[in-house]
$ cat target-v1.cif   # mmCIF, C-alpha atoms
data_entry
#
loop_
_atom_site.label_atom_id
_atom_site.label_comp_id
_atom_site.auth_asym_id
_atom_site.auth_seq_id
_atom_site.Cartn_x
_atom_site.Cartn_y
_atom_site.Cartn_z
CA MET A 1 -7.32 -1.30 28.48
CA ALA A 2 -5.40 -0.67 25.25
CA GLN A 3 -7.25 1.22 22.58
CA ASN A 4 -6.73 0.17 18.98
CA ARG A 5 -5.53 2.75 16.49
CA ALA A 6 -6.56 2.90 12.89
CA PRO A 7 -4.13 0.88 10.76
CA THR A 8 -1.88 3.00 8.59
CA ILE A 9 -2.08 2.27 4.87
CA LEU A 10 0.73 3.62 2.68
CA LEU A 11 -0.77 4.54 -0.68
CA ILE A 12 1.75 4.96 -3.49
CA GLU A 13 -0.15 6.58 -6.36
CA ASP A 14 0.89 9.38 -8.74
CA ASP A 15 -2.59 10.17 -10.06
CA ALA A 16 -3.71 12.95 -7.69
CA VAL A 17 -7.44 12.49 -8.35
CA LEU A 18 -7.32 8.72 -7.85
CA SER A 19 -5.11 9.13 -4.79
CA ALA A 20 -7.56 11.61 -3.21
CA SER A 21 -10.51 9.31 -3.85
CA LEU A 22 -8.68 6.30 -2.35
CA VAL A 23 -7.65 8.35 0.67
CA GLU A 24 -11.27 9.35 1.21
CA LEU A 25 -12.46 5.75 0.79
CA LEU A 26 -9.87 4.46 3.27
CA GLU A 27 -10.61 7.20 5.82
CA GLN A 28 -14.34 6.48 5.64
CA ALA A 29 -13.57 2.81 6.26
CA GLY A 30 -11.63 3.68 9.42
CA TYR A 31 -8.06 3.49 8.15
CA HIS A 32 -5.27 6.05 8.37
CA PRO A 33 -4.04 6.48 4.77
CA VAL A 34 -0.72 8.15 4.00
CA ALA A 35 -0.47 9.04 0.31
CA VAL A 36 2.78 9.62 -1.54
CA PRO A 37 3.10 10.37 -5.27
CA ASN A 38 6.10 8.18 -6.05
CA SER A 39 8.19 5.25 -4.87
CA ARG A 40 11.18 7.33 -3.80
CA ASN A 41 8.96 9.27 -1.38
CA ALA A 42 7.50 5.96 -0.22
CA LEU A 43 10.93 4.55 0.62
CA ASN A 44 11.82 7.75 2.48
CA TYR A 45 8.57 7.51 4.44
CA LEU A 46 9.11 3.82 5.26
CA ARG A 47 12.64 4.43 6.49
CA SER A 48 11.66 7.29 8.80
CA ASN A 49 8.29 6.18 10.25
CA PRO A 50 6.81 3.15 11.96
CA PRO A 51 5.87 0.52 9.36
CA PRO A 52 2.38 0.72 7.94
CA ALA A 53 0.03 -2.23 8.20
CA LEU A 54 -0.19 -2.44 4.40
CA ILE A 55 1.08 -0.83 1.20
CA VAL A 56 -1.13 -0.12 -1.82
CA LEU A 57 1.20 0.17 -4.80
CA ALA A 58 0.70 1.47 -8.32
CA LEU A 59 3.21 0.11 -10.84
CA MET A 60 3.59 2.86 -13.43
CA LEU A 61 5.10 5.59 -11.27
CA PRO A 62 7.49 8.48 -11.92
CA VAL A 63 10.98 8.58 -10.41
CA LEU A 64 11.08 4.86 -9.51
CA SER A 65 8.65 2.29 -10.91
CA GLY A 66 6.43 0.27 -8.61
CA THR A 67 8.32 -2.84 -9.68
CA ARG A 68 11.66 -1.29 -8.66
CA PHE A 69 10.13 -0.10 -5.38
CA ARG A 70 8.94 -3.62 -4.60
CA ARG A 71 12.38 -5.08 -5.35
CA GLU A 72 14.01 -2.56 -3.00
CA GLN A 73 11.36 -3.23 -0.36
CA LEU A 74 12.00 -6.98 -0.50
CA LEU A 75 15.75 -6.45 -0.04
CA ASP A 76 15.22 -4.58 3.22
CA PRO A 77 14.47 -6.99 6.11
CA MET A 78 12.59 -4.27 8.02
CA LEU A 79 10.32 -3.51 5.06
CA SER A 80 9.97 -6.88 3.37
CA ARG A 81 7.32 -8.11 5.81
CA ILE A 82 4.86 -5.34 4.97
CA PRO A 83 2.14 -6.81 2.73
CA VAL A 84 1.54 -5.13 -0.63
CA ILE A 85 -1.61 -4.88 -2.71
CA VAL A 86 -0.88 -3.85 -6.28
CA HIS A 87 -3.37 -1.43 -7.83
CA THR A 88 -2.51 -1.06 -11.49
CA ALA A 89 -3.64 -0.27 -15.01
CA LEU A 90 -1.31 -3.05 -16.22
CA TRP A 91 -3.14 -6.31 -16.76
CA ALA A 92 -0.25 -8.55 -17.74
CA ASN A 93 0.63 -11.16 -15.11
CA GLU A 94 4.32 -10.95 -15.99
CA HIS A 95 4.35 -7.52 -14.29
CA ILE A 96 2.44 -8.60 -11.19
CA CYS A 97 3.31 -12.23 -10.37
CA PRO A 98 7.04 -11.72 -9.67
CA LEU A 99 6.26 -8.97 -7.18
CA GLY A 100 4.96 -11.26 -4.45
CA ALA A 101 1.97 -9.03 -3.75
CA VAL A 102 -0.75 -10.45 -1.52
CA GLU A 103 -3.39 -9.28 -4.03
CA TRP A 104 -3.78 -7.05 -7.04
CA PHE A 105 -6.58 -4.98 -8.52
CA PRO A 106 -7.05 -3.36 -11.89
CA LYS A 107 -7.66 0.38 -11.99
CA PRO A 108 -10.29 1.35 -11.18
CA ALA A 109 -11.02 -1.24 -8.51
CA ASP A 110 -14.48 -1.96 -7.19
CA PRO A 111 -14.49 -0.05 -3.87
CA GLU A 112 -16.18 -2.81 -1.86
CA GLU A 113 -13.85 -5.53 -3.15
CA PHE A 114 -10.87 -3.25 -2.59
CA LEU A 115 -11.86 -2.61 1.04
CA ARG A 116 -12.44 -6.32 1.65
CA ALA A 117 -8.91 -7.01 0.40
CA ILE A 118 -7.51 -4.28 2.65
CA ALA A 119 -9.36 -5.80 5.63
CA ARG A 120 -8.05 -9.30 4.82
CA HIS A 121 -4.45 -8.18 5.02
CA CYS A 122 -4.65 -5.46 7.66
CA ARG A 123 -4.72 -5.85 11.42
CA ARG A 124 -5.57 -3.21 13.96
CA GLU A 125 -2.38 -1.68 15.31
CA GLU A 126 -1.70 -1.85 19.00
CA PRO A 127 -0.19 1.29 20.53
CA ARG A 128 3.56 0.97 20.79
CA ALA A 129 5.24 1.15 24.21
CA ARG A 130 7.48 4.13 24.65
#

$ encode --input "target-v1.cif" --output "structure tokens"
Amino acid sequence: MAQNRAPTILLIEDDAVLSASLVELLEQAGYHPVAVPNSRNALNYLRSNPPPALIVLALMLPVLSGTRFRREQLLDPMLSRIPVIVHTALWANEHICPLGAVEWFPKPADPEEFLRAIARHCRREEPRAR
């Protein structure tokens, strides 16, 4: 009988305090969060690890903006299928709509609504055959 693993959530957030609180929230909800402080680190992670079930993306990031990250993600066939939830202080739809995110939340997001959105777009991972 295969045992389900906690889905991995890639959290791209440069605010260390917010990132730590989201990691704690996700862990308590049974997820396996991996937090990175910028989009360049996120791309490196994605290209060297199994794909996460979901990406939570801030937009105003150092090194490479969340918008640029999303454009690069969509150009890569191996990464483009990973759903993205945008978590941002930007309210303007012109920043969010073109990104093709499955959902978006303003900072700070209501924790219960945020977790419901994660659950909607996240499936339990099956162990991979070796």

$ resolve_selection --input "target-v1.cif" --expression "the PyMOL selection byres ((chain A and resi 52-58) around 6)" --output "short mmCIF file (atom, residue, chain, number, x, y, z; two decimals) with C-alpha atoms, in the coordinates of the input"
data_model
loop_
_atom_site.label_atom_id
_atom_site.label_comp_id
_atom_site.auth_asym_id
_atom_site.auth_seq_id
_atom_site.Cartn_x
_atom_site.Cartn_y
_atom_site.Cartn_z
CA PRO A 7 -4.13 0.88 10.76
CA THR A 8 -1.88 3.00 8.59
CA ILE A 9 -2.08 2.27 4.87
CA LEU A 10 0.73 3.62 2.68
CA LEU A 11 -0.77 4.54 -0.68
CA ILE A 12 1.75 4.96 -3.49
CA GLU A 13 -0.15 6.58 -6.36
CA PRO A 51 5.87 0.52 9.36
CA LEU A 59 3.21 0.11 -10.84
CA GLY A 66 6.43 0.27 -8.61
CA ILE A 82 4.86 -5.34 4.97
CA PRO A 83 2.14 -6.81 2.73
CA VAL A 84 1.54 -5.13 -0.63
CA ILE A 85 -1.61 -4.88 -2.71
CA VAL A 86 -0.88 -3.85 -6.28
CA HIS A 87 -3.37 -1.43 -7.83
CA THR A 88 -2.51 -1.06 -11.49
CA CYS A 122 -4.65 -5.46 7.66
#

$ resolve_selection --input "target-v1.cif" --expression "the PyMOL selection byres ((chain A and resi 14) around 10)" --output "VMD selection string"
chain A and resid 11 to 13 15 to 19 35 to 39 58 to 62

$ residues_around --input "target-v1.cif" --residues "Phe69 of chain A" --least-positions-apart "3" --cutoff "8 Å" --atoms "all atoms listed in the file" --output "list in words"
Ser39, Arg40, Leu43, Leu64, Ser65, Gly66, Glu72 and Gln73 of chain A

$ atom_distance --input "target-v1.cif" --atom1 "atom CA of Asn41 of chain A" --atom2 "atom CA of Leu22 of chain A"
17.9 Å

$ closest_residue --input "target-v1.cif" --among "A:Asn49, A:Asn44, A:Glu27, A:Ser21" --to "Pro108 of chain A" --atoms "all atoms listed in the file"
A:Ser21

$ closest_residue --input "target-v1.cif" --among "A:Arg70, A:Arg120, A:Arg81, A:Arg47" --to "Glu103 of chain A" --atoms "only C-alpha atoms"
A:Arg120

$ atom_distance --input "target-v1.cif" --atom1 "atom CA of Leu46 of chain A" --atom2 "atom CA of Lys107 of chain A"
24.3 Å

$ atom_distance --input "target-v1.cif" --atom1 "atom CA of Gln28 of chain A" --atom2 "atom CA of Ser48 of chain A"
26.2 Å

$ closest_residue --input "target-v1.cif" --among "A:Pro50, A:Leu99, A:Pro111, A:Trp104" --to "Met78 of chain A" --atoms "only C-alpha atoms"
A:Pro50
